[in-house]
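Structure below is work02.cif: mmCIF, C-alpha atoms.
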```cif
data_target
#
loop_
_atom_site.label_atom_id
_atom_site.label_comp_id
_atom_site.auth_asym_id
_atom_site.auth_seq_id
_atom_site.Cartn_x
_atom_site.Cartn_y
_atom_site.Cartn_z
CA MET A 1205 0.00 0.00 0.00
CA SER A 1206 2.79 2.35 0.92
CA ASP A 1207 4.61 1.50 -2.32
CA ARG A 1208 1.54 2.41 -4.36
CA LEU A 1209 1.20 5.67 -2.44
CA SER A 1210 4.83 6.58 -2.97
CA PHE A 1211 4.59 5.82 -6.72
CA SER A 1212 1.42 7.89 -6.98
CA MET A 1213 3.05 10.82 -5.21
CA ILE A 1214 6.11 10.62 -7.46
CA ALA A 1215 3.94 10.43 -10.59
CA THR A 1216 1.90 13.41 -9.44
CA ALA A 1217 5.05 15.40 -8.72
CA VAL A 1218 6.47 14.58 -12.17
CA LEU A 1219 3.24 15.68 -13.85
CA ARG A 1220 3.26 18.94 -11.91
CA LEU A 1221 6.90 19.52 -12.81
CA ARG A 1222 6.18 18.93 -16.49
CA LYS A 1223 3.36 21.45 -16.48
CA ASP A 1224 5.18 23.99 -14.32
CA GLN A 1225 6.63 26.77 -16.51
CA ARG A 1226 8.03 28.92 -13.75
CA GLY A 1227 11.69 29.75 -14.33
CA GLY A 1228 11.47 29.04 -18.06
CA VAL A 1229 12.16 32.66 -18.95
CA ALA A 1230 15.30 32.65 -16.82
CA ILE A 1231 16.59 29.57 -18.61
CA VAL A 1232 15.87 31.02 -22.07
CA ALA A 1233 17.41 34.34 -21.05
CA GLY A 1234 20.49 32.55 -19.78
CA LEU A 1235 20.88 30.79 -23.12
CA LEU A 1236 20.32 33.95 -25.18
CA PHE A 1237 22.37 36.33 -23.03
CA PRO A 1238 25.77 35.46 -24.58
CA VAL A 1239 24.31 35.90 -28.09
CA LEU A 1240 22.70 39.21 -27.13
CA LEU A 1241 25.89 40.43 -25.48
CA ALA A 1242 27.96 39.50 -28.52
CA GLY A 1243 25.53 41.24 -30.89
CA LEU A 1244 25.48 44.43 -28.83
CA GLY A 1245 29.25 44.36 -28.53
CA LEU A 1246 29.75 43.96 -32.26
CA GLY A 1247 27.27 46.76 -32.99
CA PHE A 1248 29.02 49.06 -30.54
CA GLU A 1249 32.45 48.38 -31.96
CA ILE A 1250 31.40 48.69 -35.60
CA SER A 1251 29.75 52.03 -34.81
CA ASN A 1252 32.90 53.17 -33.04
CA TRP A 1253 35.05 52.12 -36.03
CA TYR A 1254 32.76 53.95 -38.43
CA LEU A 1255 32.73 57.20 -36.47
CA ARG A 1256 36.49 57.16 -36.01
CA SER A 1257 37.06 56.36 -39.69
CA ARG A 1258 34.85 59.29 -40.71
CA ALA A 1259 36.78 61.62 -38.41
CA MET A 1260 40.05 60.32 -39.88
CA GLN A 1261 38.71 60.87 -43.40
CA ASN A 1262 37.78 64.48 -42.59
CA ALA A 1263 41.26 65.02 -41.18
CA ALA A 1264 42.91 63.44 -44.24
CA ASP A 1265 40.82 65.62 -46.60
CA ALA A 1266 41.79 68.81 -44.77
CA ALA A 1267 45.43 67.76 -44.46
CA VAL A 1268 45.86 66.93 -48.14
CA MET A 1269 44.23 70.24 -49.12
CA ALA A 1270 46.76 72.02 -46.92
CA ALA A 1271 49.64 70.02 -48.40
CA ALA A 1272 48.61 70.79 -51.99
CA SER A 1273 48.03 74.45 -51.18
CA ASN A 1274 51.47 74.64 -49.60
CA GLY A 1275 53.22 73.03 -52.59
CA GLU A 1276 56.65 73.55 -51.00
CA ASP A 1277 59.27 71.32 -49.41
CA ASN A 1278 57.56 71.48 -46.02
CA PHE A 1279 54.17 70.31 -47.35
CA ASN A 1280 54.34 67.27 -45.06
CA VAL A 1281 54.83 69.48 -41.99
CA GLU A 1282 51.70 71.44 -42.82
CA ALA A 1283 49.76 68.24 -43.50
CA THR A 1284 50.66 66.70 -40.14
CA ALA A 1285 49.88 69.98 -38.38
CA VAL A 1286 46.39 70.08 -39.90
CA ALA A 1287 45.79 66.43 -39.01
CA ALA A 1288 46.86 67.19 -35.43
CA HIS A 1289 44.34 70.05 -35.37
CA TYR A 1290 41.66 67.41 -36.02
CA GLY A 1291 42.95 65.31 -33.13
CA PHE A 1292 45.20 62.86 -35.01
CA VAL A 1293 48.78 63.48 -33.91
CA ASP A 1294 51.43 61.51 -35.78
CA GLY A 1295 53.21 59.09 -33.44
CA ALA A 1296 50.78 59.55 -30.54
CA SER A 1297 48.00 57.21 -29.34
CA ASN A 1298 48.77 54.62 -32.04
CA VAL A 1299 48.15 57.16 -34.82
CA SER A 1300 50.28 57.47 -37.95
CA VAL A 1301 50.08 60.30 -40.51
CA ALA A 1302 51.94 60.04 -43.83
CA ALA A 1303 52.05 62.65 -46.61
CA SER A 1304 53.40 62.35 -50.16
CA ASN A 1305 53.86 64.77 -53.07
CA ASN A 1306 54.23 62.12 -55.79
CA ALA A 1307 50.98 60.21 -55.37
CA PRO A 1308 49.28 58.63 -58.41
CA CYS A 1309 46.87 61.19 -59.82
CA PRO A 1310 43.17 60.30 -60.04
CA GLU A 1311 41.56 59.71 -63.40
CA GLY A 1312 40.77 62.93 -65.22
CA ALA A 1313 43.62 64.96 -63.76
CA GLU A 1314 45.61 67.17 -66.11
CA VAL A 1315 48.85 65.80 -67.53
CA ASN A 1316 51.92 66.71 -65.44
CA SER A 1317 49.72 67.67 -62.48
CA SER A 1318 51.25 67.45 -59.03
CA CYS A 1319 49.22 65.11 -56.86
CA TYR A 1320 49.49 64.95 -53.08
CA SER A 1321 48.23 62.24 -50.74
CA VAL A 1322 47.71 61.97 -47.01
CA SER A 1323 46.94 58.72 -45.22
CA ILE A 1324 46.01 58.39 -41.57
CA SER A 1325 46.03 55.07 -39.72
CA SER A 1326 44.85 54.36 -36.21
CA ILE A 1327 44.99 51.21 -34.07
CA VAL A 1328 42.11 50.57 -31.67
CA PRO A 1329 41.72 47.67 -29.21
CA LEU A 1330 39.00 45.05 -29.53
CA TYR A 1331 36.39 44.53 -26.85
CA LEU A 1332 33.18 42.49 -27.08
CA SER A 1333 33.57 41.68 -30.78
CA GLN A 1334 35.98 38.92 -29.76
CA LEU A 1335 32.99 37.00 -28.40
CA LEU A 1336 32.02 36.34 -32.03
CA GLY A 1337 35.47 35.06 -32.87
CA PHE A 1338 36.85 38.25 -34.46
CA VAL A 1339 40.60 38.20 -33.85
CA GLY A 1340 41.43 41.66 -35.27
CA ASP A 1341 44.13 42.71 -37.70
CA LEU A 1342 47.13 42.53 -35.38
CA LYS A 1343 48.20 41.97 -31.79
CA SER A 1344 50.18 44.18 -29.41
CA ASN A 1345 51.37 42.70 -26.12
CA GLY A 1346 48.90 39.87 -26.65
CA VAL A 1347 45.94 42.24 -27.11
CA ALA A 1348 43.93 41.91 -30.33
CA GLN A 1349 43.55 45.22 -32.19
CA LYS A 1350 41.82 46.66 -35.24
CA LEU A 1351 43.63 48.77 -37.85
CA LEU A 1352 41.67 51.69 -39.33
CA THR A 1353 42.93 53.68 -42.32
CA SER A 1354 41.72 56.70 -44.28
CA ALA A 1355 43.37 58.42 -47.24
CA ALA A 1356 42.81 61.35 -49.57
CA VAL A 1357 44.43 62.68 -52.76
CA ALA A 1358 44.52 66.30 -53.92
CA VAL A 1359 45.49 67.66 -57.32
CA GLN A 1360 47.39 70.93 -57.38
CA THR A 1361 45.96 73.08 -60.15
CA THR A 1362 46.10 76.69 -61.28
CA ILE A 1363 42.86 78.58 -61.83
CA GLN A 1364 42.84 81.96 -63.50
CA GLN A 1365 40.90 84.44 -61.39
CA PRO A 1366 40.19 88.10 -62.24
CA LEU A 1367 41.26 90.50 -59.49
CA CYS A 1368 38.78 93.25 -58.61
CA LEU A 1369 40.85 94.61 -55.74
CA LEU A 1370 44.66 94.53 -55.49
CA THR A 1371 46.96 96.15 -52.92
CA LEU A 1372 50.64 96.43 -53.88
CA SER A 1373 52.11 97.16 -50.45
CA LYS A 1374 54.61 94.46 -49.45
CA SER A 1375 54.67 95.29 -45.73
CA GLY A 1376 52.11 95.80 -43.02
CA THR A 1377 48.44 95.08 -43.72
CA GLY A 1378 47.64 96.03 -47.29
CA LEU A 1379 43.95 95.16 -47.06
CA ARG A 1380 41.74 95.49 -44.02
CA THR A 1381 37.96 95.51 -43.77
CA ASN A 1382 35.87 96.22 -40.67
CA GLY A 1383 32.26 95.20 -41.11
CA ALA A 1384 31.68 95.75 -44.85
CA PRO A 1385 28.22 94.11 -44.85
CA ASN A 1386 27.36 95.43 -48.34
CA SER A 1387 30.55 94.34 -50.12
CA ASP A 1388 29.99 91.92 -52.98
CA PHE A 1389 33.00 90.73 -55.02
CA ASN A 1390 31.16 87.69 -56.36
CA GLY A 1391 32.75 86.53 -59.65
CA CYS A 1392 36.20 87.95 -58.93
CA SER A 1393 38.93 87.88 -56.29
CA VAL A 1394 40.82 90.22 -53.98
CA MET A 1395 44.55 90.14 -53.32
CA SER A 1396 47.10 91.72 -51.05
CA ASN A 1397 50.86 91.54 -51.53
CA SER A 1398 51.19 91.71 -47.76
CA LYS A 1399 48.82 90.91 -44.94
CA ALA A 1400 45.04 91.09 -45.22
CA THR A 1401 42.38 90.85 -42.55
CA CYS A 1402 38.60 90.75 -42.73
CA ASN A 1403 36.58 91.62 -39.62
CA GLY A 1404 32.83 91.15 -39.57
CA SER A 1405 31.13 90.31 -42.88
CA ASP A 1406 33.18 88.67 -45.62
CA LEU A 1407 33.65 90.28 -49.03
CA LYS A 1408 31.86 87.47 -50.92
CA ALA A 1409 34.92 87.09 -53.17
CA ASN A 1410 35.69 83.86 -55.02
CA TYR A 1411 39.20 83.88 -53.58
CA GLY A 1412 41.00 85.92 -50.98
CA LEU A 1413 44.75 85.93 -51.65
CA ALA A 1414 47.39 87.27 -49.30
CA ALA A 1415 51.15 86.83 -49.28
CA SER A 1416 51.15 86.19 -45.53
CA ARG A 1417 48.23 83.73 -45.68
CA MET A 1418 46.20 85.70 -43.16
CA MET A 1419 43.31 86.39 -45.51
CA ALA A 1420 39.92 85.52 -44.08
CA VAL A 1421 37.62 86.15 -47.03
CA ALA A 1422 38.33 83.14 -49.26
CA LEU A 1423 35.30 81.07 -50.12
CA LYS A 1424 37.07 78.47 -52.29
CA ARG A 1425 40.45 76.76 -52.52
CA ASN A 1426 42.35 75.74 -55.65
CA PRO A 1427 43.20 72.09 -54.86
CA THR A 1428 40.42 69.55 -55.14
CA SER A 1429 40.29 66.62 -52.75
CA HIS A 1430 39.46 63.04 -53.74
CA PRO A 1431 38.80 60.71 -50.76
#
```

Hey, can you dump this file as structure tokens for me?
Amino acid sequence: MSDRLSFSMIATAVLRLRKDQRGGVAIVAGLLFPVLLAGLGLGFEISNWYLRSRAMQNAADAAVMAAASNGEDNFNVEATAVAAHYGFVDGASNVSVAASNNAPCPEGAEVNSSCYSVSISSIVPLYLSQLLGFVGDLKSNGVAQKLLTSAAVAVQTTIQQPLCLLTLSKSGTGLRTNGAPNSDFNGCSVMSNSKATCNGSDLKANYGLAASRMMAVALKRNPTSHP
């Protein structure tokens, strides 16, 4: 009799356990948590790579424009200085900035054009993306890392521009404007053989040219950038 009672109690307990769904969510959540964590980690890291790559591209575009505008032996110094202004200092925080004045010119460039290039590379550590088996591009002190690169090419060209205002003084500030809200030099350029400053409204000139490079009215730049 006692054996039958014990078997009946065990069978009843098994049936109750089979129908009992309490704790099922915790089990499913425990199984899905690693997958969810890996997915969120990969999304976070890819977003971080994208944002940093875009910032590097903006820096490379500005740096190569500066290098092509310089067009002198110290073009690379100006390029690295502009990149540093954007937060990418060559040799610091695993960042490398390289500039060249003999880069292959893009298709459509004029024959015998001088083409400049700037490339920026940055190494960032890996975090949760390793949960999905991503091993990175390289390792440093046993830590997996991702290599990001951005590059830009600029063609140095000469554009003929009519001058509507020219100052011949080679010393001091040949051209200075204070306010000038009604000035409109659209379609032509202004030039000073010495310094030039523009305070307040710009002159709406196509180009502002100054020997000392202090002009603040330029709306365009000669080199064109090709990411």

One-decimal distance in Å that lies between CA of Ser1325 (chain A) and CA of Cys1309 (chain A):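 Atom-to-atom, CA of Cys1309 (chain A) and CA of Ser1325 (chain A) are spaced 21.0 Å apart.
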
Check which residues satisfy the PyMOL selection byres ((chain A and resi 1395) around 9) in the file shown, then give them as a PDB file with C-alpha atoms, keeping the file's coordinate frame.
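The new file out-v9.pdb reads:
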```
ATOM      1  CA  LEU A1367      41.260  90.500 -59.490  1.00  0.00           C
ATOM      2  CA  CYS A1368      38.780  93.250 -58.610  1.00  0.00           C
ATOM      3  CA  LEU A1369      40.850  94.610 -55.740  1.00  0.00           C
ATOM      4  CA  LEU A1370      44.660  94.530 -55.490  1.00  0.00           C
ATOM      5  CA  THR A1371      46.960  96.150 -52.920  1.00  0.00           C
ATOM      6  CA  LEU A1372      50.640  96.430 -53.880  1.00  0.00           C
ATOM      7  CA  GLY A1378      47.640  96.030 -47.290  1.00  0.00           C
ATOM      8  CA  LEU A1379      43.950  95.160 -47.060  1.00  0.00           C
ATOM      9  CA  SER A1393      38.930  87.880 -56.290  1.00  0.00           C
ATOM     10  CA  VAL A1394      40.820  90.220 -53.980  1.00  0.00           C
ATOM     11  CA  SER A1396      47.100  91.720 -51.050  1.00  0.00           C
ATOM     12  CA  ASN A1397      50.860  91.540 -51.530  1.00  0.00           C
ATOM     13  CA  SER A1398      51.190  91.710 -47.760  1.00  0.00           C
ATOM     14  CA  ALA A1400      45.040  91.090 -45.220  1.00  0.00           C
ATOM     15  CA  TYR A1411      39.200  83.880 -53.580  1.00  0.00           C
ATOM     16  CA  GLY A1412      41.000  85.920 -50.980  1.00  0.00           C
ATOM     17  CA  LEU A1413      44.750  85.930 -51.650  1.00  0.00           C
ATOM     18  CA  ALA A1414      47.390  87.270 -49.300  1.00  0.00           C
ATOM     19  CA  ALA A1415      51.150  86.830 -49.280  1.00  0.00           C
ATOM     20  CA  MET A1419      43.310  86.390 -45.510  1.00  0.00           C
TER      21      MET A1419
END
```

Pick from A:Gly1404, A:Thr1377, A:Ser1321, A:Glu1249 nearest to Gln1349 (chain A), counting all atoms listed in the file: A:Glu1249

Between CA of Ser1354 (chain A) and CA of Cys1319 (chain A) - distance in Å to one decimal: 16.9 Å

Nearest to Glu1282 (chain A), chosen from A:Leu1352, A:Gly1312, A:Val1322, A:Val1299, with all atoms listed in the file counted in the distances: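 With all atoms listed in the file as the atom set, the closest residue is A:Val1322.
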
For Tyr1320 (chain A), the nearest of the candidates A:Ala1272, A:Ala1259, A:Leu1244, A:Cys1402, counting all atoms listed in the file: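 For Tyr1320 (chain A), the nearest of the given residues is A:Ala1272.
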
Atoms are missing here; could region 1281-1294 of chain A be completed with N, CA and C atoms and written as a PDB file, in the frame of the given file?
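Listing of part.pdb after writing:
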```
ATOM      1  N   VAL A1281      54.955  68.861 -43.309  1.00  0.00           N
ATOM      2  CA  VAL A1281      54.830  69.480 -41.990  1.00  0.00           C
ATOM      3  C   VAL A1281      53.458  70.119 -41.830  1.00  0.00           C
ATOM      4  N   GLU A1282      53.018  70.798 -42.883  1.00  0.00           N
ATOM      5  CA  GLU A1282      51.700  71.440 -42.820  1.00  0.00           C
ATOM      6  C   GLU A1282      50.600  70.389 -42.777  1.00  0.00           C
ATOM      7  N   ALA A1283      50.779  69.293 -43.501  1.00  0.00           N
ATOM      8  CA  ALA A1283      49.760  68.240 -43.500  1.00  0.00           C
ATOM      9  C   ALA A1283      49.611  67.617 -42.117  1.00  0.00           C
ATOM     10  N   THR A1284      50.732  67.297 -41.472  1.00  0.00           N
ATOM     11  CA  THR A1284      50.660  66.700 -40.140  1.00  0.00           C
ATOM     12  C   THR A1284      50.113  67.685 -39.113  1.00  0.00           C
ATOM     13  N   ALA A1285      50.403  68.972 -39.300  1.00  0.00           N
ATOM     14  CA  ALA A1285      49.880  69.980 -38.380  1.00  0.00           C
ATOM     15  C   ALA A1285      48.363  70.084 -38.486  1.00  0.00           C
ATOM     16  N   VAL A1286      47.843  70.023 -39.717  1.00  0.00           N
ATOM     17  CA  VAL A1286      46.390  70.080 -39.900  1.00  0.00           C
ATOM     18  C   VAL A1286      45.738  68.822 -39.339  1.00  0.00           C
ATOM     19  N   ALA A1287      46.335  67.668 -39.572  1.00  0.00           N
ATOM     20  CA  ALA A1287      45.790  66.430 -39.010  1.00  0.00           C
ATOM     21  C   ALA A1287      45.762  66.480 -37.487  1.00  0.00           C
ATOM     22  N   ALA A1288      46.806  67.057 -36.892  1.00  0.00           N
ATOM     23  CA  ALA A1288      46.860  67.190 -35.430  1.00  0.00           C
ATOM     24  C   ALA A1288      45.751  68.115 -34.933  1.00  0.00           C
ATOM     25  N   HIS A1289      45.424  69.138 -35.728  1.00  0.00           N
ATOM     26  CA  HIS A1289      44.340  70.050 -35.370  1.00  0.00           C
ATOM     27  C   HIS A1289      43.013  69.291 -35.278  1.00  0.00           C
ATOM     28  N   TYR A1290      42.871  68.231 -36.047  1.00  0.00           N
ATOM     29  CA  TYR A1290      41.660  67.410 -36.020  1.00  0.00           C
ATOM     30  C   TYR A1290      41.744  66.300 -34.966  1.00  0.00           C
ATOM     31  N   GLY A1291      42.824  66.275 -34.211  1.00  0.00           N
ATOM     32  CA  GLY A1291      42.950  65.310 -33.130  1.00  0.00           C
ATOM     33  C   GLY A1291      43.751  64.070 -33.446  1.00  0.00           C
ATOM     34  N   PHE A1292      44.409  64.024 -34.617  1.00  0.00           N
ATOM     35  CA  PHE A1292      45.200  62.860 -35.010  1.00  0.00           C
ATOM     36  C   PHE A1292      46.663  63.281 -35.108  1.00  0.00           C
ATOM     37  N   VAL A1293      47.376  63.062 -34.022  1.00  0.00           N
ATOM     38  CA  VAL A1293      48.780  63.480 -33.910  1.00  0.00           C
ATOM     39  C   VAL A1293      49.670  62.319 -34.327  1.00  0.00           C
ATOM     40  N   ASP A1294      50.538  62.561 -35.289  1.00  0.00           N
ATOM     41  CA  ASP A1294      51.430  61.510 -35.780  1.00  0.00           C
ATOM     42  C   ASP A1294      52.333  61.015 -34.659  1.00  0.00           C
TER      43      ASP A1294
END
```
